[in-house]
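Participant: My structure is in model_38.cif, and what it holds is mmCIF, C-alpha atoms:
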data_work
loop_
_atom_site.group_PDB
_atom_site.id
_atom_site.type_symbol
_atom_site.label_atom_id
_atom_site.label_comp_id
_atom_site.auth_asym_id
_atom_site.auth_seq_id
_atom_site.Cartn_x
_atom_site.Cartn_y
_atom_site.Cartn_z
ATOM 1 C CA MET E 1 -26.015 5.819 -37.297
ATOM 2 C CA ILE E 2 -28.530 7.315 -34.884
ATOM 3 C CA GLU E 3 -28.355 10.720 -33.201
ATOM 4 C CA VAL E 4 -28.723 10.699 -29.412
ATOM 5 C CA VAL E 5 -28.456 13.177 -26.541
ATOM 6 C CA GLY E 6 -27.420 12.349 -22.953
ATOM 7 C CA ILE E 7 -29.741 13.545 -20.167
ATOM 8 C CA ARG E 8 -29.370 13.568 -16.385
ATOM 9 C CA PHE E 9 -32.262 14.105 -13.979
ATOM 10 C CA LYS E 10 -30.113 14.579 -10.864
ATOM 11 C CA PRO E 11 -26.686 16.230 -10.397
ATOM 12 C CA ALA E 12 -24.806 12.926 -10.053
ATOM 13 C CA GLY E 13 -27.451 10.669 -11.557
ATOM 14 C CA LYS E 14 -27.180 8.096 -14.304
ATOM 15 C CA ILE E 15 -27.053 9.378 -17.894
ATOM 16 C CA TYR E 16 -29.986 8.336 -20.086
ATOM 17 C CA TYR E 17 -30.062 8.714 -23.858
ATOM 18 C CA PHE E 18 -32.932 10.187 -25.858
ATOM 19 C CA ASP E 19 -33.725 11.199 -29.424
ATOM 20 C CA PRO E 20 -33.033 14.980 -29.763
ATOM 21 C CA ASP E 21 -35.670 15.167 -32.537
ATOM 22 C CA ASP E 22 -33.691 17.813 -34.471
ATOM 23 C CA ILE E 23 -33.864 20.270 -31.549
ATOM 24 C CA ASP E 24 -30.704 22.386 -31.267
ATOM 25 C CA LEU E 25 -29.299 21.409 -27.862
ATOM 26 C CA GLU E 26 -26.096 22.165 -25.963
ATOM 27 C CA ALA E 27 -24.670 20.806 -22.717
ATOM 28 C CA GLY E 28 -26.348 22.544 -19.784
ATOM 29 C CA ASP E 29 -29.720 23.062 -21.490
ATOM 30 C CA SER E 30 -32.825 22.065 -19.538
ATOM 31 C CA VAL E 31 -35.336 19.999 -21.508
ATOM 32 C CA ILE E 32 -38.809 18.516 -21.066
ATOM 33 C CA LEU E 33 -39.182 14.881 -22.097
ATOM 34 C CA GLU E 34 -41.302 11.763 -21.730
ATOM 35 C CA THR E 35 -39.918 8.975 -19.531
ATOM 36 C CA ALA E 36 -41.212 5.696 -18.120
ATOM 37 C CA ARG E 37 -42.222 7.618 -14.970
ATOM 38 C CA GLY E 38 -44.053 10.352 -16.882
ATOM 39 C CA VAL E 39 -43.105 13.828 -18.121
ATOM 40 C CA GLU E 40 -39.822 14.971 -16.555
ATOM 41 C CA CYS E 41 -37.415 17.906 -16.679
ATOM 42 C CA GLY E 42 -33.773 16.934 -17.251
ATOM 43 C CA GLN E 43 -30.460 18.544 -18.126
ATOM 44 C CA VAL E 44 -28.339 17.905 -21.205
ATOM 45 C CA VAL E 45 -24.909 16.556 -20.200
ATOM 46 C CA VAL E 46 -23.913 14.961 -23.506
ATOM 47 C CA LYS E 47 -24.758 17.116 -26.521
ATOM 48 C CA PRO E 48 -26.271 15.412 -29.595
ATOM 49 C CA LYS E 49 -23.924 12.901 -31.234
ATOM 50 C CA SER E 50 -24.169 9.982 -33.657
ATOM 51 C CA VAL E 51 -23.806 6.391 -32.427
ATOM 52 C CA SER E 52 -24.315 2.975 -34.009
ATOM 53 C CA GLU E 53 -27.644 1.185 -33.549
ATOM 54 C CA GLU E 54 -25.930 -1.561 -31.499
ATOM 55 C CA GLU E 55 -25.034 0.960 -28.758
ATOM 56 C CA ILE E 56 -28.627 1.914 -27.929
ATOM 57 C CA VAL E 57 -31.781 0.211 -26.708
ATOM 58 C CA ALA E 58 -34.468 1.042 -29.251
ATOM 59 C CA PRO E 59 -36.880 2.698 -29.466
ATOM 60 C CA LEU E 60 -35.564 5.967 -28.028
ATOM 61 C CA LYS E 61 -38.035 8.417 -26.531
ATOM 62 C CA LYS E 62 -37.941 11.931 -28.013
ATOM 63 C CA ILE E 63 -37.194 15.269 -26.374
ATOM 64 C CA ILE E 64 -40.454 17.241 -26.236
ATOM 65 C CA ARG E 65 -38.958 20.744 -26.040
ATOM 66 C CA LYS E 66 -36.402 22.981 -24.424
ATOM 67 C CA ALA E 67 -37.519 24.063 -20.969
ATOM 68 C CA THR E 68 -39.126 27.518 -20.922
ATOM 69 C CA ASP E 69 -39.209 30.005 -18.038
ATOM 70 C CA VAL E 70 -42.674 28.696 -17.165
ATOM 71 C CA ASP E 71 -41.282 25.142 -17.034
ATOM 72 C CA ILE E 72 -38.437 26.207 -14.712
ATOM 73 C CA LYS E 73 -40.963 27.872 -12.376
ATOM 74 C CA GLN E 74 -42.981 24.635 -12.389
ATOM 75 C CA VAL E 75 -39.857 22.693 -11.331
ATOM 76 C CA GLU E 76 -39.192 25.145 -8.488
ATOM 77 C CA SER E 77 -42.837 24.895 -7.402
ATOM 78 C CA ASN E 78 -42.560 21.096 -7.332
ATOM 79 C CA LYS E 79 -39.474 21.302 -5.117
ATOM 80 C CA ALA E 80 -41.401 23.402 -2.625
ATOM 81 C CA LYS E 81 -44.240 20.840 -2.662
ATOM 82 C CA GLU E 82 -41.727 18.030 -2.046
ATOM 83 C CA LYS E 83 -40.802 19.550 1.345
ATOM 84 C CA GLU E 84 -44.448 19.598 2.417
ATOM 85 C CA ALA E 85 -44.995 16.040 1.119
ATOM 86 C CA TYR E 86 -41.954 14.895 3.112
ATOM 87 C CA ARG E 87 -43.392 16.404 6.314
ATOM 88 C CA VAL E 88 -46.811 14.822 5.735
ATOM 89 C CA CYS E 89 -45.351 11.406 4.947
ATOM 90 C CA LEU E 90 -43.201 11.469 8.111
ATOM 91 C CA SER E 91 -46.282 12.101 10.264
ATOM 92 C CA LYS E 92 -48.202 9.283 8.547
ATOM 93 C CA ILE E 93 -45.299 6.835 9.005
ATOM 94 C CA ALA E 94 -45.309 7.649 12.723
ATOM 95 C CA GLU E 95 -49.092 7.344 12.840
ATOM 96 C CA HIS E 96 -48.982 3.832 11.347
ATOM 97 C CA ASN E 97 -45.910 2.956 13.438
ATOM 98 C CA LEU E 98 -44.009 1.608 10.418
ATOM 99 C CA PRO E 99 -40.329 0.550 10.820
ATOM 100 C CA MET E 100 -39.068 2.582 7.856
ATOM 101 C CA LYS E 101 -36.913 5.663 7.318
ATOM 102 C CA LEU E 102 -38.078 8.260 4.806
ATOM 103 C CA VAL E 103 -35.125 9.484 2.721
ATOM 104 C CA ASP E 104 -36.452 11.720 -0.050
ATOM 105 C CA VAL E 105 -39.562 12.789 -1.946
ATOM 106 C CA GLU E 106 -39.733 13.517 -5.651
ATOM 107 C CA TYR E 107 -42.500 14.973 -7.824
ATOM 108 C CA THR E 108 -42.583 14.259 -11.547
ATOM 109 C CA PHE E 109 -42.613 17.430 -13.664
ATOM 110 C CA ASP E 110 -46.336 17.154 -14.450
ATOM 111 C CA ALA E 111 -47.124 16.283 -10.790
ATOM 112 C CA ASN E 112 -48.964 13.136 -11.923
ATOM 113 C CA LYS E 113 -46.894 11.037 -9.536
ATOM 114 C CA ILE E 114 -45.094 11.497 -6.217
ATOM 115 C CA ILE E 115 -42.279 9.083 -5.370
ATOM 116 C CA PHE E 116 -41.318 8.501 -1.737
ATOM 117 C CA TYR E 117 -37.910 6.899 -1.211
ATOM 118 C CA PHE E 118 -37.303 4.992 2.023
ATOM 119 C CA THR E 119 -34.982 2.488 3.672
ATOM 120 C CA ALA E 120 -35.969 -0.431 5.890
ATOM 121 C CA ASP E 121 -34.433 -3.615 7.239
ATOM 122 C CA GLY E 122 -36.993 -5.867 5.567
ATOM 123 C CA ARG E 123 -40.283 -5.872 3.681
ATOM 124 C CA ILE E 124 -42.856 -3.293 4.796
ATOM 125 C CA ASP E 125 -46.622 -3.489 4.452
ATOM 126 C CA PHE E 126 -47.320 0.128 3.511
ATOM 127 C CA ARG E 127 -50.708 -0.308 1.803
ATOM 128 C CA GLU E 128 -52.563 1.789 4.388
ATOM 129 C CA LEU E 129 -49.883 4.459 4.165
ATOM 130 C CA VAL E 130 -50.299 4.650 0.373
ATOM 131 C CA LYS E 131 -54.078 5.004 0.767
ATOM 132 C CA ASP E 132 -53.649 7.890 3.206
ATOM 133 C CA LEU E 133 -51.113 9.683 0.978
ATOM 134 C CA ALA E 134 -53.271 9.223 -2.126
ATOM 135 C CA ALA E 135 -56.277 10.680 -0.292
ATOM 136 C CA ILE E 136 -54.230 13.717 0.794
ATOM 137 C CA PHE E 137 -52.383 14.506 -2.448
ATOM 138 C CA ARG E 138 -54.977 13.115 -4.910
ATOM 139 C CA THR E 139 -52.376 11.825 -7.343
ATOM 140 C CA ARG E 140 -50.473 8.607 -8.029
ATOM 141 C CA ILE E 141 -48.245 7.536 -5.129
ATOM 142 C CA GLU E 142 -45.168 5.315 -5.362
ATOM 143 C CA LEU E 143 -43.153 4.123 -2.367
ATOM 144 C CA ARG E 144 -39.730 2.880 -3.410
ATOM 145 C CA GLN E 145 -37.394 1.023 -1.053
ATOM 146 C CA ILE E 146 -33.706 1.819 -1.639
ATOM 147 C CA GLY E 147 -30.376 0.602 -0.244
ATOM 148 C CA VAL E 148 -27.977 2.421 2.076
ATOM 149 C CA ARG E 149 -25.640 3.369 -0.806
ATOM 150 C CA ASP E 150 -28.545 5.021 -2.639
ATOM 151 C CA GLU E 151 -29.466 6.809 0.587
ATOM 152 C CA ALA E 152 -25.950 8.268 0.881
ATOM 153 C CA LYS E 153 -26.086 9.331 -2.788
ATOM 154 C CA MET E 154 -29.364 11.180 -2.248
ATOM 155 C CA LEU E 155 -28.493 12.863 1.051
ATOM 156 C CA GLY E 156 -24.803 13.601 0.369
ATOM 157 C CA GLY E 157 -22.197 14.336 3.021
ATOM 158 C CA LEU E 158 -18.439 14.327 3.598
ATOM 159 C CA GLY E 159 -16.184 11.298 3.248
ATOM 160 C CA ALA E 160 -13.193 10.357 5.418
ATOM 161 C CA CYS E 161 -11.013 12.355 2.993
ATOM 162 C CA GLY E 162 -12.887 15.564 3.820
ATOM 163 C CA ARG E 163 -14.364 15.899 0.331
ATOM 164 C CA GLY E 164 -17.985 15.535 -0.749
ATOM 165 C CA LEU E 165 -19.132 11.941 -1.232
ATOM 166 C CA CYS E 166 -18.117 10.608 -4.653
ATOM 167 C CA CYS E 167 -21.549 9.034 -5.175
ATOM 168 C CA ALA E 168 -23.285 12.364 -4.520
ATOM 169 C CA THR E 169 -20.929 14.550 -6.570
ATOM 170 C CA PHE E 170 -19.894 12.744 -9.744
ATOM 171 C CA LEU E 171 -20.443 8.955 -9.747
ATOM 172 C CA GLY E 172 -23.336 8.185 -12.086
ATOM 173 C CA GLU E 173 -23.469 4.506 -11.158
ATOM 174 C CA PHE E 174 -22.121 2.288 -8.390
ATOM 175 C CA ASP E 175 -19.266 -0.040 -9.359
ATOM 176 C CA PRO E 176 -18.801 -3.356 -7.516
ATOM 177 C CA VAL E 177 -16.234 -3.014 -4.695
ATOM 178 C CA SER E 178 -14.665 -6.002 -2.904
ATOM 179 C CA ILE E 179 -12.436 -6.612 0.119
ATOM 180 C CA LYS E 180 -9.866 -8.049 -2.320
ATOM 181 C CA MET E 181 -9.234 -4.514 -3.622
ATOM 182 C CA ALA E 182 -8.296 -3.356 -0.119
ATOM 183 C CA LYS E 183 -5.958 -6.339 0.313
ATOM 184 C CA GLU E 184 -4.194 -5.668 -3.010
ATOM 185 C CA GLN E 185 -3.530 -2.070 -1.943
ATOM 186 C CA ASN E 186 -2.134 -3.180 1.452
ATOM 187 C CA LEU E 187 -4.830 -1.240 3.289
ATOM 188 C CA SER E 188 -5.976 -1.946 6.810
ATOM 189 C CA LEU E 189 -8.863 -4.409 6.787
ATOM 190 C CA ASN E 190 -10.442 -2.632 9.753
ATOM 191 C CA PRO E 191 -14.083 -2.091 8.610
ATOM 192 C CA THR E 192 -14.201 1.391 10.138
ATOM 193 C CA LYS E 193 -11.260 2.511 7.981
ATOM 194 C CA ILE E 194 -12.346 1.120 4.601
ATOM 195 C CA SER E 195 -16.103 1.753 4.875
ATOM 196 C CA GLY E 196 -17.949 4.895 3.821
ATOM 197 C CA ILE E 197 -20.661 6.667 5.798
ATOM 198 C CA CYS E 198 -23.173 4.290 4.185
ATOM 199 C CA GLY E 199 -21.511 1.398 6.009
ATOM 200 C CA ARG E 200 -20.406 -0.277 2.773
ATOM 201 C CA LEU E 201 -16.881 -0.500 1.338
ATOM 202 C CA MET E 202 -15.710 2.889 0.042
ATOM 203 C CA CYS E 203 -16.228 3.447 -3.691
ATOM 204 C CA CYS E 204 -12.706 4.914 -3.999
ATOM 205 C CA LEU E 205 -11.170 1.464 -3.403
ATOM 206 C CA LYS E 206 -12.041 0.857 -7.055
ATOM 207 C CA TYR E 207 -10.148 3.854 -8.446
ATOM 208 C CA GLU E 208 -6.571 2.514 -8.150
ATOM 209 C CA SER E 209 -7.407 -1.180 -8.110
ATOM 210 C CA GLU E 210 -6.610 -1.707 -11.801
ATOM 211 C CA ALA E 211 -3.290 0.176 -11.518
ATOM 212 C CA TYR E 212 -2.271 -2.033 -8.575
ATOM 213 C CA GLU E 213 -3.194 -5.181 -10.511
ATOM 214 C CA VAL E 214 -1.104 -4.140 -13.532
ATOM 215 C CA GLU E 215 1.874 -3.065 -11.390
ATOM 216 C CA LYS E 216 1.705 -6.156 -9.182
ATOM 217 C CA ALA E 217 1.916 -8.430 -12.239
ATOM 218 C CA SER E 218 5.560 -7.373 -12.702
ATOM 219 C CA TYR E 219 6.495 -8.280 -9.093
ATOM 220 C CA PRO E 220 7.326 -11.760 -7.786
ATOM 221 C CA GLN E 221 4.343 -13.202 -5.927
ATOM 222 C CA GLU E 222 4.296 -13.663 -2.186
ATOM 223 C CA GLY E 223 5.909 -16.988 -1.323
ATOM 224 C CA THR E 224 8.357 -16.803 -4.252
ATOM 225 C CA PHE E 225 11.975 -17.752 -3.466
ATOM 226 C CA VAL E 226 14.435 -14.967 -4.238
ATOM 227 C CA ARG E 227 18.149 -14.232 -4.006
ATOM 228 C CA THR E 228 19.235 -10.993 -2.305
ATOM 229 C CA SER E 229 22.550 -9.315 -1.498
ATOM 230 C CA VAL E 230 22.554 -10.895 1.969
ATOM 231 C CA GLY E 231 21.306 -14.357 1.078
ATOM 232 C CA GLU E 232 18.284 -16.243 -0.140
ATOM 233 C CA GLY E 233 14.792 -15.963 1.205
ATOM 234 C CA LYS E 234 11.064 -15.924 0.507
ATOM 235 C CA VAL E 235 8.883 -12.948 -0.433
ATOM 236 C CA ALA E 236 6.644 -12.163 2.547
ATOM 237 C CA SER E 237 4.909 -9.034 1.200
ATOM 238 C CA ILE E 238 4.999 -6.441 -1.572
ATOM 239 C CA ASN E 239 4.992 -2.629 -1.294
ATOM 240 C CA ILE E 240 3.916 -1.160 -4.629
ATOM 241 C CA LEU E 241 4.303 2.479 -3.584
ATOM 242 C CA LYS E 242 7.909 2.000 -2.390
ATOM 243 C CA LYS E 243 8.649 -0.501 -5.193
ATOM 244 C CA SER E 244 10.086 -2.880 -2.663
ATOM 245 C CA LEU E 245 9.745 -6.407 -1.283
ATOM 246 C CA ILE E 246 9.773 -7.655 2.289
ATOM 247 C CA VAL E 247 11.856 -10.850 2.246
ATOM 248 C CA GLU E 248 12.075 -13.459 4.984
ATOM 249 C CA LEU E 249 15.712 -14.572 4.934
ATOM 250 C CA LYS E 250 16.246 -18.322 5.011
ATOM 251 C CA GLU E 251 19.174 -18.414 7.425
ATOM 252 C CA SER E 252 18.237 -15.799 10.037
ATOM 253 C CA ARG E 253 14.436 -15.774 9.538
ATOM 254 C CA GLN E 254 14.612 -11.978 9.664
ATOM 255 C CA MET E 255 12.277 -9.764 7.630
ATOM 256 C CA VAL E 256 14.318 -7.387 5.468
ATOM 257 C CA GLU E 257 13.106 -4.861 2.891
ATOM 258 C CA PHE E 258 14.821 -4.725 -0.533
ATOM 259 C CA PRO E 259 14.188 -2.643 -3.677
ATOM 260 C CA VAL E 260 12.511 -4.944 -6.205
ATOM 261 C CA SER E 261 15.337 -4.185 -8.687
ATOM 262 C CA ASP E 262 17.910 -5.657 -6.257
ATOM 263 C CA VAL E 263 16.146 -9.006 -5.944
ATOM 264 C CA GLU E 264 16.617 -11.996 -8.249
ATOM 265 C CA VAL E 265 13.896 -14.622 -8.530
ATOM 266 C CA ILE E 266 15.031 -18.227 -8.055
ATOM 267 C CA SER E 267 13.245 -20.651 -10.337
ATOM 268 C CA ARG E 268 10.763 -22.930 -8.589
ATOM 269 C CA HIS E 269 12.729 -25.979 -9.725
ATOM 270 C CA GLU E 270 15.950 -24.601 -8.267
ATOM 271 C CA ALA E 271 14.187 -23.590 -5.075
ATOM 272 C CA SER E 272 12.532 -26.992 -4.632
ATOM 273 C CA ASN E 273 15.901 -28.771 -5.083
ATOM 274 C CA LYS E 274 17.471 -26.510 -2.450
ATOM 275 C CA GLU E 275 14.593 -27.132 -0.077
ATOM 276 C CA LYS E 276 14.930 -30.892 -0.598
ATOM 277 C CA LYS E 277 18.687 -30.748 0.073
ATOM 278 C CA GLN E 278 18.063 -28.635 3.185
ATOM 279 C CA SER E 279 15.409 -31.114 4.371
ATOM 280 C CA ASN E 280 17.798 -34.057 3.813
ATOM 281 C CA LYS E 281 20.555 -32.190 5.684
ATOM 282 C CA ASN E 282 18.195 -31.508 8.596
ATOM 283 C CA GLU E 283 17.253 -35.185 8.753
ATOM 284 C CA GLN E 284 20.937 -36.220 8.695
ATOM 285 C CA ASP E 285 21.764 -33.751 11.485
ATOM 286 C CA LYS E 286 18.839 -35.043 13.485
ATOM 287 C CA GLY E 287 20.077 -38.637 12.966
ATOM 288 C CA LYS E 288 23.561 -37.703 14.149
ATOM 289 C CA GLU E 289 22.167 -36.054 17.257
ATOM 290 C CA GLU E 290 20.079 -39.108 18.094
ATOM 291 C CA LYS E 291 23.091 -41.390 17.522
ATOM 292 C CA GLU E 292 25.238 -39.243 19.829
ATOM 293 C CA ILE E 293 22.569 -39.391 22.533
ATOM 294 C CA LEU E 294 22.361 -43.200 22.271
ATOM 295 C CA THR E 295 26.131 -43.616 22.559
#
Could you spell out this file's structure in structure tokens?
Facilitator:
Amino acid sequence: MIEVVGIRFKPAGKIYYFDPDDIDLEAGDSVILETARGVECGQVVVKPKSVSEEEIVAPLKKIIRKATDVDIKQVESNKAKEKEAYRVCLSKIAEHNLPMKLVDVEYTFDANKIIFYFTADGRIDFRELVKDLAAIFRTRIELRQIGVRDEAKMLGGLGACGRGLCCATFLGEFDPVSIKMAKEQNLSLNPTKISGICGRLMCCLKYESEAYEVEKASYPQEGTFVRTSVGEGKVASINILKKSLIVELKESRQMVEFPVSDVEVISRHEASNKEKKQSNKNEQDKGKEEKEILT
């Protein structure tokens, strides 16, 4: 077993695991640590715990120390510098007439690197921009292109529900979301109603998707032949929330809603025999009509 501690670098960012190196840590503590980007300041969100070696990607980097008051002041100073770097980068983007949108700027804790996050429709040749920024700030510069979902996560905002965006408040990672999830929940497929402010399908479509799948497994599928109190018919649609079925009645072709408990499924074999008999009857009736017309 190996002891690990979970660290976040942003309020709703992904959790990364590090070696606590026998430092006494609790959730909420700020720590200084070495990352692939350089020295960073993060916050403990999962206090030290033991996990098996199979659950981690070795080797784990170690926590350097708990953040001191001086470290916290350094973080605040970096945040102030980020605002100025954002302003400078915007002016340089305009100067070079680049088709890109600057989203955010981030200093590493030791200020050895500045990361500029941007969105763009395609590839951007920003070599001259990097040269200008490096000459101004005299440190390593990284320009990182991100997607629209990452942009929404960084900037935040309000969703259609009136609450803060899930991605900006608590979602550490983006889960795949598909149009199939909206269909299973009988939601309108109007893009404006099932898309978030990022223009992609709303993350919350994922939340109840599994519950709908499990519940729907106990219902007859659409197209299944069923027997109701007013005759036989075919399932046209399912309403999970009302626990009901919309049935197209065979005789009247009307759509009628029934509680799922009041509907009996007809076996496919039985249904196919009835359909065959009905088809034969229709052909016989048609033959009689033709014979009557001829006579």
Participant: Starting from the displayed file, determine the output of the PyMOL selection byres ((chain E and resi 66-82) around 9) and express the residue list as a PyMOL selection string.
Facilitator: chain E and resi 23-25+29-33+41-42+63-65+83-87+104-111+114
Participant: Give me the residues near Val177 (chain E) as number ranges by chain, where near means some atom within 8 Å (using all atoms listed in the file) and where sequence neighbours in that chain fewer than 4 positions away do not count.
Facilitator: E: 181, 201-203, 205-206
Participant: Show which residues sit within 12 Å of region 5-7 of chain E, as a ChimeraX atom specification. Count all atoms listed in the file, and ignore same-chain residues fewer than 2 positions away.
Facilitator: /E:2-3,9-35,40-51,56,60-63,172
Participant: Expand the PyMOL selection byres ((chain E and resi 150-152) around 10) into the explicit residue set it covers here, and present it as number ranges by chain.
Facilitator: E: 102-104, 117-119, 145-149, 153-157, 165-168, 173-174, 196-199
Participant: Do a neighbour search on region 217-228 of chain E at 6 Å with all atoms listed in the file, toss out local chain neighbours closer than 5 positions, and write the hits as a ChimeraX atom specification.
Facilitator: /E:233-237,263-266
Participant: Step by step, work through what the PyMOL selection byres ((chain E and resi 244) around 10) selects in the shown file, and finish by giving those residues as number ranges by chain.
Facilitator: E: 219, 237-243, 245-247, 257-263
Participant: Find the residues around Ile179 (chain E) up to 12 Å (only C-alpha atoms counted), leave out those fewer than 3 positions away in its own chain, and share them as a PDB file with C-alpha atoms, in the coordinates of the input.
Facilitator:
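Once written, result.pdb looks like this:
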ATOM      1  CA  PRO E 176     -18.801  -3.356  -7.516  1.00  0.00           C
ATOM      2  CA  ALA E 182      -8.296  -3.356  -0.119  1.00  0.00           C
ATOM      3  CA  LYS E 183      -5.958  -6.339   0.313  1.00  0.00           C
ATOM      4  CA  GLU E 184      -4.194  -5.668  -3.010  1.00  0.00           C
ATOM      5  CA  GLN E 185      -3.530  -2.070  -1.943  1.00  0.00           C
ATOM      6  CA  ASN E 186      -2.134  -3.180   1.452  1.00  0.00           C
ATOM      7  CA  LEU E 187      -4.830  -1.240   3.289  1.00  0.00           C
ATOM      8  CA  SER E 188      -5.976  -1.946   6.810  1.00  0.00           C
ATOM      9  CA  LEU E 189      -8.863  -4.409   6.787  1.00  0.00           C
ATOM     10  CA  ASN E 190     -10.442  -2.632   9.753  1.00  0.00           C
ATOM     11  CA  PRO E 191     -14.083  -2.091   8.610  1.00  0.00           C
ATOM     12  CA  ILE E 194     -12.346   1.120   4.601  1.00  0.00           C
ATOM     13  CA  SER E 195     -16.103   1.753   4.875  1.00  0.00           C
ATOM     14  CA  ARG E 200     -20.406  -0.277   2.773  1.00  0.00           C
ATOM     15  CA  LEU E 201     -16.881  -0.500   1.338  1.00  0.00           C
ATOM     16  CA  MET E 202     -15.710   2.889   0.042  1.00  0.00           C
ATOM     17  CA  CYS E 203     -16.228   3.447  -3.691  1.00  0.00           C
ATOM     18  CA  LEU E 205     -11.170   1.464  -3.403  1.00  0.00           C
ATOM     19  CA  LYS E 206     -12.041   0.857  -7.055  1.00  0.00           C
ATOM     20  CA  SER E 209      -7.407  -1.180  -8.110  1.00  0.00           C
TER      21      SER E 209
END
Participant: Rounded to one decimal in Å, what is the spacing between CA of Gly122 (chain E) and CA of Met100 (chain E)?
Facilitator: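 Separating CA of Gly122 (chain E) from CA of Met100 (chain E) is a distance of 9.0 Å.
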Participant: Calculated over all atoms listed in the file, which of the candidates E:Cys89, E:Leu98, E:Leu143, E:Cys204 has the smallest distance to Ala160 (chain E)?
Facilitator: E:Cys204
Participant: Quick one, how far is CA of Ile136 (chain E) from CA of His96 (chain E)?
Facilitator: 15.4 Å
Participant: Hey, can you check how far CA of Phe116 (chain E) sits from CA of Glu95 (chain E)?
Facilitator: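 Distance reported for this atom pair: 16.6 Å.
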